[in-house]
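run_39.cif, holding mmCIF, C-alpha atoms:
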data_run
loop_
_atom_site.label_atom_id
_atom_site.label_comp_id
_atom_site.auth_asym_id
_atom_site.auth_seq_id
_atom_site.Cartn_x
_atom_site.Cartn_y
_atom_site.Cartn_z
CA MET A 20 120.70 38.49 137.91
CA ALA A 21 123.59 38.51 135.40
CA VAL A 22 127.12 39.18 136.60
CA THR A 23 128.10 42.86 136.26
CA VAL A 24 130.99 43.47 133.86
CA ILE A 25 133.42 46.40 134.35
CA ALA A 26 135.91 47.19 131.55
CA ILE A 27 139.17 49.09 132.03
CA VAL A 28 140.06 51.12 128.93
CA GLY A 29 142.56 53.82 128.03
CA ARG A 30 145.60 54.65 125.92
CA THR A 31 148.57 52.32 125.71
CA ASN A 32 150.97 52.24 128.66
CA VAL A 33 148.83 54.14 131.19
CA GLY A 34 148.87 51.19 133.64
CA LYS A 35 145.62 49.35 132.85
CA SER A 36 147.05 45.86 133.40
CA THR A 37 148.76 46.90 136.64
CA LEU A 38 145.45 48.30 137.92
CA PHE A 39 143.65 45.16 136.70
CA ASN A 40 146.05 42.93 138.66
CA LYS A 41 145.75 45.16 141.75
CA LEU A 42 141.93 45.05 141.74
CA ALA A 43 141.88 41.30 140.96
CA GLY A 44 144.30 40.65 143.83
CA LYS A 45 146.72 38.55 141.75
CA ARG A 46 149.03 38.77 138.74
CA ILE A 47 146.82 37.72 135.82
CA ALA A 48 147.74 40.14 133.04
CA ILE A 49 151.34 40.56 131.91
CA THR A 50 152.73 43.98 132.89
CA GLU A 51 155.76 45.60 131.29
CA ASP A 52 156.88 49.20 130.84
CA ALA A 53 156.22 49.13 127.11
CA PRO A 54 153.17 50.00 125.02
CA GLY A 55 151.00 47.27 123.50
CA VAL A 56 151.83 44.44 125.91
CA THR A 57 148.14 43.57 126.49
CA ARG A 58 146.33 42.75 123.25
CA ASP A 59 143.24 40.65 123.98
CA ARG A 60 140.47 40.99 126.55
CA ILE A 61 141.40 39.39 129.87
CA TYR A 62 138.76 38.57 132.48
CA ALA A 63 138.93 38.16 136.26
CA GLU A 64 136.33 37.69 138.98
CA CYS A 65 136.56 40.46 141.62
CA GLU A 66 134.86 41.24 144.92
CA TRP A 67 134.47 44.48 146.85
CA LEU A 68 132.43 44.84 150.05
CA ASN A 69 130.81 41.42 149.40
CA ASN A 70 129.76 42.52 145.90
CA ARG A 71 131.03 40.38 143.03
CA PHE A 72 131.66 41.52 139.48
CA THR A 73 133.77 40.64 136.44
CA LEU A 74 136.68 42.91 135.55
CA VAL A 75 137.97 43.13 131.95
CA ASP A 76 141.45 44.30 130.98
CA THR A 77 141.85 45.58 127.41
CA GLY A 78 144.62 46.55 125.05
CA GLY A 79 145.50 50.22 124.69
CA ILE A 80 143.34 52.26 122.31
CA GLU A 81 145.21 54.26 119.68
CA PRO A 82 142.35 55.98 117.78
CA ASP A 83 144.30 57.03 114.67
CA SER A 84 146.68 54.08 114.25
CA ALA A 85 146.62 52.20 110.94
CA ASP A 86 148.80 49.37 112.29
CA ALA A 87 147.02 46.00 111.84
CA LEU A 88 147.62 44.73 115.38
CA LEU A 89 146.78 48.08 117.01
CA SER A 90 143.56 48.20 114.97
CA GLN A 91 142.56 44.74 116.24
CA MET A 92 143.48 45.79 119.80
CA ARG A 93 141.20 48.81 119.39
CA ARG A 94 138.40 46.55 118.12
CA GLN A 95 138.86 44.24 121.13
CA ALA A 96 138.55 47.26 123.45
CA GLU A 97 135.41 48.37 121.60
CA PHE A 98 133.89 44.91 122.08
CA ALA A 99 134.70 45.15 125.79
CA ILE A 100 132.94 48.52 126.02
CA GLU A 101 129.87 47.19 124.19
CA THR A 102 129.50 44.22 126.53
CA ALA A 103 130.37 46.08 129.76
CA ASP A 104 127.88 47.50 132.25
CA ALA A 105 130.31 50.29 133.18
CA VAL A 106 133.75 51.51 132.13
CA ILE A 107 136.80 52.63 134.09
CA PHE A 108 138.61 55.11 131.83
CA LEU A 109 142.24 55.18 132.99
CA THR A 110 144.45 58.17 132.17
CA ASP A 111 148.02 59.17 133.10
CA LEU A 112 148.74 62.12 135.43
CA ARG A 113 152.30 62.50 134.12
CA SER A 114 151.36 62.94 130.45
CA GLY A 115 148.22 64.98 131.16
CA VAL A 116 145.20 65.07 128.85
CA THR A 117 146.25 64.04 125.34
CA ALA A 118 144.41 64.18 122.04
CA ALA A 119 143.94 60.40 122.24
CA ASP A 120 142.33 60.80 125.70
CA SER A 121 139.86 63.31 124.26
CA GLU A 122 138.95 60.97 121.39
CA ILE A 123 138.48 58.00 123.77
CA SER A 124 136.34 60.22 126.02
CA ALA A 125 134.11 61.11 123.06
CA MET A 126 133.82 57.42 122.13
CA LEU A 127 132.79 56.51 125.68
CA LYS A 128 130.15 59.26 125.81
CA LYS A 129 128.62 57.88 122.60
CA SER A 130 128.46 54.38 124.13
CA GLY A 131 125.99 55.60 126.77
CA LYS A 132 127.70 53.45 129.43
CA PRO A 133 128.47 54.81 132.93
CA VAL A 134 132.10 55.98 132.92
CA ILE A 135 134.36 56.36 135.96
CA LEU A 136 137.36 58.56 135.13
CA ALA A 137 140.53 57.44 136.96
CA VAL A 138 143.85 59.29 136.87
CA ASN A 139 146.75 56.91 137.40
CA LYS A 140 150.27 57.49 138.78
CA CYS A 141 149.09 59.71 141.65
CA ASP A 142 151.71 58.01 143.81
CA THR A 143 151.84 60.43 146.78
CA VAL A 144 149.58 60.00 149.81
CA GLY A 145 147.24 62.84 150.81
CA GLU A 146 145.56 65.51 148.72
CA PRO A 147 145.60 64.79 144.96
CA PRO A 148 148.13 66.84 142.97
CA VAL A 149 146.87 70.04 141.32
CA GLU A 150 147.59 68.52 137.87
CA ILE A 151 144.51 66.32 138.30
CA TYR A 152 142.17 69.29 137.69
CA GLU A 153 143.21 69.30 134.02
CA PHE A 154 141.21 66.07 133.59
CA TYR A 155 137.91 67.90 134.23
CA ASN A 156 138.33 69.03 130.60
CA LEU A 157 137.23 65.52 129.55
CA SER A 158 133.73 66.30 130.94
CA LEU A 159 133.37 62.90 132.62
CA GLY A 160 132.72 64.08 136.17
CA ASP A 161 135.05 64.03 139.13
CA PRO A 162 138.27 62.13 138.43
CA VAL A 163 139.47 59.54 140.96
CA ALA A 164 143.17 59.73 141.82
CA VAL A 165 144.75 56.26 141.91
CA SER A 166 148.14 54.60 141.98
CA SER A 167 147.93 51.19 140.32
CA VAL A 168 151.44 50.34 141.56
CA HIS A 169 150.92 51.22 145.24
CA GLY A 170 147.15 50.72 145.44
CA HIS A 171 146.36 54.26 146.61
CA GLY A 172 142.81 55.29 145.77
CA THR A 173 141.65 51.87 144.54
CA GLY A 174 139.10 51.66 147.37
CA ASP A 175 137.61 55.02 146.35
CA LEU A 176 137.58 53.81 142.72
CA LEU A 177 135.68 50.64 143.62
CA ASP A 178 133.23 52.65 145.73
CA ARG A 179 132.48 54.75 142.64
CA VAL A 180 132.01 51.56 140.60
CA LEU A 181 129.42 50.34 143.15
CA GLU A 182 127.64 53.71 142.97
CA GLU A 183 127.43 53.59 139.18
CA CYS A 184 126.36 49.93 138.87
CA SER A 185 123.80 47.67 140.47
CA ILE A 186 126.19 44.93 141.55
CA GLY A 187 124.87 41.94 143.45
CA ALA A 188 126.57 39.34 145.60
CA GLU A 189 125.75 36.62 143.07
CA ASP A 190 127.40 33.26 143.51
CA THR A 191 129.92 32.94 140.68
CA GLU A 192 131.18 29.47 141.45
CA ASP A 193 132.20 27.65 138.30
CA GLU A 194 130.94 24.26 139.45
CA GLY A 195 130.18 22.01 136.50
CA ILE A 196 132.45 23.97 134.16
CA THR A 197 135.29 22.11 132.43
CA LYS A 198 138.46 24.18 131.97
CA VAL A 199 140.20 23.47 128.65
CA ALA A 200 143.68 24.84 127.88
CA VAL A 201 144.41 25.17 124.15
CA THR A 202 148.18 25.04 123.74
CA GLY A 203 150.76 24.47 121.05
CA LYS A 204 153.40 26.20 118.97
CA PRO A 205 152.84 29.70 117.51
CA ASN A 206 150.59 30.02 114.46
CA VAL A 207 148.90 26.60 114.66
CA GLY A 208 145.44 28.21 114.93
CA LYS A 209 144.73 28.33 118.67
CA SER A 210 143.10 31.77 118.61
CA SER A 211 141.19 30.93 115.41
CA LEU A 212 139.75 27.87 117.17
CA ILE A 213 138.60 29.95 120.18
CA ASN A 214 136.97 32.52 117.90
CA ARG A 215 135.20 29.78 115.90
CA LEU A 216 133.88 28.18 119.10
CA ALA A 217 132.85 31.52 120.64
CA GLY A 218 131.22 32.75 117.44
CA ASP A 219 132.98 36.15 117.51
CA GLU A 220 136.42 37.78 117.51
CA ARG A 221 137.11 36.83 121.11
CA VAL A 222 140.90 36.94 120.63
CA ILE A 223 143.12 38.61 118.07
CA VAL A 224 144.18 36.45 115.11
CA SER A 225 147.25 37.34 113.06
CA ASP A 226 149.90 35.60 110.98
CA ILE A 227 152.48 37.31 113.19
CA ALA A 228 153.95 34.77 115.64
CA GLY A 229 153.50 35.84 119.28
CA THR A 230 150.23 37.77 118.77
CA THR A 231 148.64 36.11 121.83
CA ARG A 232 150.53 36.88 125.04
CA ASP A 233 148.21 36.35 128.00
CA ALA A 234 146.11 33.30 128.79
CA ILE A 235 142.60 34.32 127.67
CA ASP A 236 139.50 32.69 129.23
CA THR A 237 136.36 32.26 127.12
CA LEU A 238 133.13 30.74 128.48
CA ILE A 239 131.34 28.52 125.95
CA GLU A 240 128.05 26.70 126.55
CA ASN A 241 126.56 24.15 124.14
CA GLU A 242 124.84 20.77 124.08
CA PHE A 243 128.03 19.12 125.34
CA GLY A 244 128.20 21.21 128.54
CA ARG A 245 129.81 24.37 129.94
CA TYR A 246 133.46 25.05 129.19
CA ILE A 247 136.06 27.70 129.84
CA PHE A 248 138.49 27.61 126.93
CA ILE A 249 141.89 29.12 127.75
CA ASP A 250 143.77 30.45 124.74
CA THR A 251 147.51 30.51 125.43
CA ALA A 252 150.57 32.03 123.85
CA GLY A 253 152.40 29.81 121.37
CA ILE A 254 155.34 28.07 123.04
CA ARG A 255 158.55 28.25 121.05
CA ARG A 256 161.85 26.52 121.74
CA LYS A 257 163.76 28.11 124.63
CA SER A 258 166.55 29.22 122.31
CA LYS A 259 163.97 31.14 120.23
CA VAL A 260 162.31 32.91 123.21
CA SER A 261 163.48 36.51 123.38
CA GLY A 262 162.48 39.31 125.72
CA SER A 263 160.77 39.29 129.09
CA ILE A 264 157.26 39.63 127.59
CA GLU A 265 157.55 36.34 125.71
CA LYS A 266 159.07 34.64 128.76
CA TYR A 267 156.05 35.76 130.81
CA SER A 268 153.79 34.45 128.02
CA VAL A 269 155.34 30.98 128.20
CA ILE A 270 154.95 30.99 132.00
CA ARG A 271 151.28 31.98 131.59
CA ALA A 272 150.77 29.17 129.04
CA ASN A 273 152.19 26.61 131.48
CA MET A 274 150.05 28.06 134.30
CA ALA A 275 147.00 27.62 132.04
CA VAL A 276 147.87 23.94 131.66
CA ASP A 277 148.25 23.68 135.45
CA ARG A 278 144.72 24.97 136.13
CA ALA A 279 143.02 23.18 133.22
CA ASP A 280 141.01 19.96 133.45
CA VAL A 281 141.73 19.03 129.81
CA CYS A 282 144.56 20.08 127.48
CA VAL A 283 144.04 20.36 123.74
CA ILE A 284 147.46 20.11 122.08
CA MET A 285 147.14 21.70 118.63
CA ILE A 286 149.50 20.75 115.84
CA ASP A 287 149.65 22.01 112.27
CA ALA A 288 148.62 19.32 109.75
CA LEU A 289 150.71 20.97 107.04
CA GLU A 290 153.86 21.11 109.17
CA GLY A 291 153.33 17.80 110.95
CA TYR A 292 154.85 16.62 114.22
CA THR A 293 157.90 18.49 115.58
CA GLU A 294 160.13 18.09 118.62
CA GLN A 295 158.52 21.15 120.18
CA ASP A 296 155.09 19.47 119.97
CA SER A 297 156.45 16.58 122.04
CA LYS A 298 157.79 18.98 124.69
CA ILE A 299 154.47 20.80 124.96
CA ALA A 300 152.56 17.51 125.19
CA GLY A 301 155.15 16.20 127.65
CA TYR A 302 154.41 19.06 130.06
CA ALA A 303 150.68 18.21 130.02
CA HIS A 304 151.56 14.54 130.56
CA GLU A 305 153.79 15.37 133.54
CA GLN A 306 151.00 17.42 135.10
CA GLY A 307 148.62 14.46 134.77
CA LYS A 308 146.14 16.24 132.50
CA ALA A 309 143.54 14.61 130.28
CA THR A 310 144.77 15.35 126.77
CA VAL A 311 143.34 15.57 123.26
CA ILE A 312 145.67 16.08 120.28
CA ALA A 313 143.93 18.25 117.68
CA VAL A 314 145.37 18.21 114.16
CA ASN A 315 144.35 21.61 112.73
CA LYS A 316 144.22 22.79 109.08
CA TRP A 317 143.09 19.32 107.99
CA ASP A 318 141.05 20.98 105.23
CA ALA A 319 144.30 22.07 103.55
CA ILE A 320 145.64 18.50 103.19
CA GLU A 321 145.22 16.63 99.91
CA LYS A 322 143.48 13.38 100.81
CA ASN A 323 142.69 9.92 99.58
CA THR A 324 140.93 7.03 101.34
CA HIS A 325 144.03 6.20 103.41
CA THR A 326 145.31 9.69 104.29
CA MET A 327 143.81 9.95 107.77
CA SER A 328 144.70 6.40 108.87
CA GLU A 329 148.29 6.81 107.64
CA TYR A 330 148.62 10.22 109.32
CA LYS A 331 147.21 8.79 112.56
CA LYS A 332 149.67 5.86 112.51
CA LYS A 333 152.59 8.25 112.20
CA LEU A 334 151.27 10.40 115.06
CA GLN A 335 150.84 7.31 117.25
CA THR A 336 154.54 6.60 116.76
CA ASP A 337 155.49 10.24 117.39
CA PHE A 338 153.37 10.46 120.57
CA SER A 339 154.19 6.95 121.79
CA PHE A 340 155.01 8.35 125.25
CA MET A 341 151.32 9.28 125.64
CA SER A 342 149.61 6.52 123.68
CA TYR A 343 146.39 7.10 125.64
CA ALA A 344 145.71 10.49 123.96
CA PRO A 345 143.06 10.49 121.20
CA PHE A 346 143.59 12.33 117.90
CA VAL A 347 140.98 14.66 116.39
CA PHE A 348 141.28 16.12 112.88
CA ILE A 349 139.76 19.59 112.69
CA SER A 350 139.66 22.85 110.76
CA ALA A 351 139.35 25.98 112.89
CA LEU A 352 138.73 27.91 109.69
CA THR A 353 135.68 25.92 108.51
CA GLY A 354 134.54 24.41 111.83
CA LYS A 355 134.86 20.85 110.55
CA GLY A 356 135.46 18.24 113.27
CA LEU A 357 134.63 20.52 116.21
CA ASP A 358 131.70 18.37 117.41
CA ASN A 359 134.07 15.42 117.64
CA LEU A 360 136.56 17.64 119.53
CA PHE A 361 133.91 18.45 122.15
CA LYS A 362 132.99 14.77 122.48
CA GLN A 363 136.63 13.84 123.09
CA ILE A 364 137.09 16.66 125.61
CA HIS A 365 134.01 15.51 127.53
CA TYR A 366 135.06 11.84 127.40
CA THR A 367 138.70 12.34 128.42
CA HIS A 368 137.65 14.59 131.32
CA GLU A 369 135.33 11.84 132.57
CA GLN A 370 138.13 9.28 132.27
CA ASN A 371 140.56 11.55 134.13
CA SER A 372 138.02 11.78 136.98
CA THR A 373 137.25 8.03 137.12
CA ARG A 374 137.35 6.34 140.53
CA ILE A 375 137.52 2.52 140.80
CA SER A 376 136.54 0.61 143.91
CA THR A 377 139.28 -1.13 145.92
CA GLY A 378 137.52 -4.48 145.59
CA ARG A 379 137.51 -4.40 141.80
CA LEU A 380 141.16 -3.27 141.73
CA ASN A 381 142.30 -6.14 143.93
CA ASP A 382 140.33 -8.65 141.84
CA LEU A 383 142.22 -7.32 138.82
CA LEU A 384 145.55 -7.50 140.68
CA ALA A 385 145.00 -11.15 141.64
CA TYR A 386 144.08 -12.02 138.03
CA SER A 387 147.10 -10.13 136.63
CA VAL A 388 149.57 -11.81 139.02
CA ALA A 389 148.15 -15.27 138.23
CA ARG A 390 148.39 -14.56 134.50
CA VAL A 391 151.98 -13.25 134.52
CA GLN A 392 154.17 -14.14 137.50
CA PRO A 393 156.02 -11.20 139.14
CA PRO A 394 159.79 -11.00 138.49
CA THR A 395 162.47 -12.48 140.72
CA ASP A 396 165.99 -11.31 141.49
CA LYS A 397 168.67 -13.44 143.25
CA GLY A 398 166.09 -15.86 144.52
CA LYS A 399 163.71 -13.16 145.81
CA ARG A 400 160.31 -12.85 144.17
CA LEU A 401 158.22 -9.68 144.03
CA LYS A 402 154.98 -9.98 146.02
CA LEU A 403 152.05 -7.63 145.36
CA TYR A 404 149.84 -7.46 148.43
CA TYR A 405 147.26 -4.79 147.78
CA ILE A 406 146.18 -1.97 145.44
CA THR A 407 143.98 1.07 146.06
CA GLN A 408 143.13 4.36 144.35
CA PRO A 409 143.58 7.38 146.64
CA SER A 410 142.95 10.16 144.11
CA VAL A 411 141.77 11.18 140.63
CA ASN A 412 142.83 13.83 138.09
CA PRO A 413 144.86 11.86 137.13
CA PRO A 414 143.81 8.40 138.40
CA THR A 415 146.51 7.46 140.92
CA PHE A 416 147.00 3.92 142.23
CA VAL A 417 149.08 2.82 145.23
CA VAL A 418 150.47 -0.73 145.13
CA PHE A 419 151.84 -2.29 148.34
CA VAL A 420 154.71 -4.76 147.76
CA ASN A 421 157.36 -6.62 149.69
CA ASN A 422 160.31 -4.94 147.94
CA LYS A 423 160.24 -1.78 145.76
CA ASP A 424 163.45 -2.68 143.96
CA LEU A 425 161.90 -5.85 142.57
CA PHE A 426 159.00 -3.98 140.98
CA HIS A 427 160.70 -3.38 137.63
CA PHE A 428 159.43 -0.80 135.16
CA SER A 429 158.31 -3.47 132.69
CA TYR A 430 156.04 -5.11 135.28
CA GLN A 431 154.65 -1.69 136.28
CA ARG A 432 153.79 -1.11 132.62
CA TYR A 433 152.10 -4.54 132.53
CA ILE A 434 149.93 -3.66 135.57
CA GLU A 435 149.07 -0.27 134.02
CA ASN A 436 148.05 -1.95 130.75
CA GLN A 437 145.87 -4.40 132.66
CA ILE A 438 144.12 -1.51 134.44
CA ARG A 439 143.51 0.26 131.12
CA GLN A 440 142.30 -2.94 129.46
CA MET A 441 139.81 -3.61 132.24
CA PHE A 442 138.62 -0.10 133.13
CA GLY A 443 139.30 2.01 130.02
CA LEU A 444 140.91 5.26 131.24
CA ASP A 445 141.48 6.51 127.69
CA GLY A 446 142.76 10.02 127.21
CA THR A 447 144.34 10.27 130.66
CA PRO A 448 147.72 9.39 132.15
CA ILE A 449 147.84 6.93 135.04
CA ARG A 450 150.15 7.25 138.04
CA ILE A 451 151.30 4.19 139.97
CA VAL A 452 152.92 4.75 143.38
CA ILE A 453 154.90 1.89 144.92
CA ARG A 454 154.89 1.37 148.70
CA GLU A 455 156.55 -1.32 150.76
CA ARG A 456 154.29 -2.89 153.38
CA GLY A 457 154.62 -0.92 156.59
CA GLU A 458 155.33 2.42 154.90
#

Now that the file is in, can you turn its structure into structure tokens?
Amino acid sequence: MAVTVIAIVGRTNVGKSTLFNKLAGKRIAITEDAPGVTRDRIYAECEWLNNRFTLVDTGGIEPDSADALLSQMRRQAEFAIETADAVIFLTDLRSGVTAADSEISAMLKKSGKPVILAVNKCDTVGEPPVEIYEFYNLSLGDPVAVSSVHGHGTGDLLDRVLEECSIGAEDTEDEGITKVAVTGKPNVGKSSLINRLAGDERVIVSDIAGTTRDAIDTLIENEFGRYIFIDTAGIRRKSKVSGSIEKYSVIRANMAVDRADVCVIMIDALEGYTEQDSKIAGYAHEQGKATVIAVNKWDAIEKNTHTMSEYKKKLQTDFSFMSYAPFVFISALTGKGLDNLFKQIHYTHEQNSTRISTGRLNDLLAYSVARVQPPTDKGKRLKLYYITQPSVNPPTFVVFVNNKDLFHFSYQRYIENQIRQMFGLDGTPIRIVIRERGE
């Protein structure tokens, strides 16, 4: 049985994202007392009375707006309604029934989907306020009084959802799914890439910097495997970040990197490498993530037989601090290079999860020490006793020595290079932890 999908729709600023976070049990969508904060569809797995379903938050619907972004937000909400099994239509007690509410109600009736009418901002406990009876004019049945801030009435709302839908306790574990965070500066084509991979307008695309605000999950299955691609807000320099909404967006982008298995760092081929690209890649490196650097808009570059090799050499110098990361040249607009991108994502994830036996590691250590003698300082020589790998993601190695201070950075780099030369580990950082014997 397929997972049941419940969409939350309504006008702007009625509290959809706050209700979404309350029902999901965690802060997923950005909430702010301003209209138009949520723009794309945001998904979360929810459970009520041992019944699992997928909840979808949407941008506010403004039926008559000619604004380009608001029109795309409306289209995203319409997609959510089309793909949902049922809809929670959220309204606002304080503003009453508006003309926009009536138009949304008519749109929902035409969809033929079960609709649960919820009236938000009923913040007092006890009998619902008399103003709620106005919402019977929408002809959508009995309204459910809720408070998305305090959580009042959410249990009754979920009970109505169960009544309207055949929701099963299906196992929704994402075992075998690789999580891929797509990150980079604004306007490098992150959302265009997700839409190209998904085959539809999964996220809003605009030339306006800052269009994407939340981290948007998209499930993609193909011959390479099952992936959840996470589209993130473009990360600008701190001095350029203004307003709490953008600050939340940057935090969400970093959180997406934290929960990802692989990071795709997108850079603009026309603009080339910038200092901000190094900072974004540096965060993924610090978190120990498998990384692929995708050079987008490659179709717009004038080329000759040496263009790609020369461009790659320059990038290798720019990203020298993460020399393990492979480069992929793509075009999100035309789809060129995307097969190679999937291959690199699959390969780097495997490398990031590689585990090497202790016996093979210690054979390598003995060979490396015999080949290049450890350093000495004031008559004391570094001795390397033993090496083991306690964890993966990223591959982490613990080396036991006689004296930590003698294990200079240059010799650590030598041991790391020997590990890479022998066992590969491309596309992933390596961590080496130094322990003195007896620790």

Q. Near Met285 of chain A, within 10 Å and counting all atoms listed in the file, which residues show up once chain neighbours fewer than 3 positions away are dropped, as a ChimeraX atom specification?
A. /A:201-209,212,282,288,296,299-300,311-315,347-349

Q) Where does the PyMOL selection byres ((chain A and resi 27-31) around 7) land in this file, that is, which residues does it pick, as a ChimeraX atom specification? A) /A:25-26,32-33,35,54-55,75-77,79-81,96,106-110,120

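Taking all atoms listed in the file, the non-local environment of Ala279 of chain A within 12 Å (same-chain residues fewer than 5 positions away omitted) comprises A:Ile196, A:Thr197, A:Lys198, A:Val199, A:Ala200, A:Val201, A:Thr202, A:Ala234, A:Asp236, A:Tyr246, A:Ile247, A:Phe248, A:Ile249, A:Asp250, A:Thr251, A:Ala272, A:Asn273, A:Met274, A:Ala303, A:Gln306, A:Gly307, A:Lys308, A:Ala309, A:Thr310, A:Ile364, A:His368, A:Asn371, A:Asn412.
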
Would you place a box with edges along x, y and z of the file around all atoms of segment 125-137 of chain A listed there, add 3 Å to each of its six sides, and report the centre and edge lengths in Å to one decimal, as JSON?
{"center_x": 133.3, "center_y": 57.3, "center_z": 129.5, "size_x": 20.5, "size_y": 13.7, "size_z": 20.8}

Q: For segment 159-173 of chain A, work out the shell of residues within 9 Å, counting only C-alpha atoms and skipping chain neighbours fewer than 5 positions away, then give it as a PyMOL selection string.
A: chain A and resi 34-42+112+124+128+134-144+147-148+151-152+154+178-179

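Each of A:Leu289, A:Ile100, A:Leu177, A:Met126 was checked against Asn69 of chain A using all atoms listed in the file; the smallest atom-to-atom distance is that of A:Leu177.
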
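The two atoms in question, atom CA of Pro345 of chain A and atom CA of Phe428 of chain A, are spaced 24.3 Å apart.
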
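Evaluated against this file, the PyMOL selection byres ((chain A and resi 422) around 12) yields Pro393, Pro394, Thr395, Asp396, Lys399, Arg400, Leu401, Lys402, Leu403, Tyr404, Val418, Phe419, Val420, Asn421, Lys423, Asp424, Leu425, Phe426, His427, Ile453, Arg454, Glu455, Arg456, Gly457 and Glu458 of chain A.
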
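Between atom CA of Asn381 of chain A and atom CA of Ile406 of chain A there is a distance of 5.9 Å.
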
**Q.** Between atom CA of Lys333 of chain A and atom CA of Gln431 of chain A - distance in Å to one decimal
**A.** 26.1 Å

(Q) So that I can see what lies close to Tyr366 of chain A, please list as a ChimeraX atom specification the residues with an atom at most 12 Å from it, counting only C-alpha atoms and leaving out residues fewer than 3 positions away in the same chain. (A) /A:197,243-244,280-281,309-311,344-345,359-363,369-373,443-447

Let's have the selection written as an mmCIF file, in the frame of the given file, with C-alpha atoms.
data_model
loop_
_atom_site.group_PDB
_atom_site.id
_atom_site.type_symbol
_atom_site.label_atom_id
_atom_site.label_comp_id
_atom_site.auth_asym_id
_atom_site.auth_seq_id
_atom_site.Cartn_x
_atom_site.Cartn_y
_atom_site.Cartn_z
ATOM 1 C CA THR A 197 135.290 22.110 132.430
ATOM 2 C CA PHE A 243 128.030 19.120 125.340
ATOM 3 C CA GLY A 244 128.200 21.210 128.540
ATOM 4 C CA ASP A 280 141.010 19.960 133.450
ATOM 5 C CA VAL A 281 141.730 19.030 129.810
ATOM 6 C CA ALA A 309 143.540 14.610 130.280
ATOM 7 C CA THR A 310 144.770 15.350 126.770
ATOM 8 C CA VAL A 311 143.340 15.570 123.260
ATOM 9 C CA ALA A 344 145.710 10.490 123.960
ATOM 10 C CA PRO A 345 143.060 10.490 121.200
ATOM 11 C CA ASN A 359 134.070 15.420 117.640
ATOM 12 C CA LEU A 360 136.560 17.640 119.530
ATOM 13 C CA PHE A 361 133.910 18.450 122.150
ATOM 14 C CA LYS A 362 132.990 14.770 122.480
ATOM 15 C CA GLN A 363 136.630 13.840 123.090
ATOM 16 C CA GLU A 369 135.330 11.840 132.570
ATOM 17 C CA GLN A 370 138.130 9.280 132.270
ATOM 18 C CA ASN A 371 140.560 11.550 134.130
ATOM 19 C CA SER A 372 138.020 11.780 136.980
ATOM 20 C CA THR A 373 137.250 8.030 137.120
ATOM 21 C CA GLY A 443 139.300 2.010 130.020
ATOM 22 C CA LEU A 444 140.910 5.260 131.240
ATOM 23 C CA ASP A 445 141.480 6.510 127.690
ATOM 24 C CA GLY A 446 142.760 10.020 127.210
ATOM 25 C CA THR A 447 144.340 10.270 130.660
#

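When only C-alpha atoms are used to compute distances to Ile123 of chain A, the closest of the residues A:Leu157, A:Leu238, A:Val452, A:Ala63 turns out to be A:Leu157.
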
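Nearest residue to Leu357 of chain A among A:Val417, A:Ala103, A:Ala217, A:Ile451 is A:Ala217, counting all atoms listed in the file.
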
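Using only C-alpha atoms, the smallest distance between any of A:Asp277, A:Glu183, A:Asp337, A:Asp318 and Ser297 of chain A comes from A:Asp337.
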
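Distance check against Tyr405 of chain A using all atoms listed in the file: of A:Gly378, A:Gly131, A:Gly44, A:Gly301, the minimum falls on A:Gly378.
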
Completion step: segment 336-342 of chain A with N, CA, C and O atoms as a JSON list (two decimals), in the frame of the given file:
[["chain", "number", "residue", "atom", "x", "y", "z"],
["A", 336, "THR", "N", 153.11, 6.85, 116.54],
["A", 336, "THR", "CA", 154.54, 6.60, 116.76],
["A", 336, "THR", "C", 155.21, 7.83, 117.39],
["A", 336, "THR", "O", 155.99, 7.70, 118.34],
["A", 337, "ASP", "N", 154.89, 9.01, 116.88],
["A", 337, "ASP", "CA", 155.49, 10.24, 117.39],
["A", 337, "ASP", "C", 155.12, 10.48, 118.86],
["A", 337, "ASP", "O", 155.95, 10.92, 119.65],
["A", 338, "PHE", "N", 153.85, 10.22, 119.19],
["A", 338, "PHE", "CA", 153.37, 10.46, 120.57],
["A", 338, "PHE", "C", 153.28, 9.15, 121.35],
["A", 338, "PHE", "O", 152.38, 8.98, 122.16],
["A", 339, "SER", "N", 154.23, 8.26, 121.12],
["A", 339, "SER", "CA", 154.19, 6.95, 121.79],
["A", 339, "SER", "C", 154.28, 7.07, 123.31],
["A", 339, "SER", "O", 153.81, 6.19, 124.04],
["A", 340, "PHE", "N", 154.88, 8.16, 123.80],
["A", 340, "PHE", "CA", 155.01, 8.35, 125.25],
["A", 340, "PHE", "C", 153.67, 8.68, 125.90],
["A", 340, "PHE", "O", 153.54, 8.63, 127.12],
["A", 341, "MET", "N", 152.66, 9.05, 125.11],
["A", 341, "MET", "CA", 151.32, 9.28, 125.64],
["A", 341, "MET", "C", 150.31, 8.61, 124.70],
["A", 341, "MET", "O", 149.45, 9.27, 124.10],
["A", 342, "SER", "N", 150.43, 7.30, 124.61],
["A", 342, "SER", "CA", 149.61, 6.52, 123.68],
["A", 342, "SER", "C", 148.13, 6.56, 124.02],
["A", 342, "SER", "O", 147.29, 6.16, 123.22]]
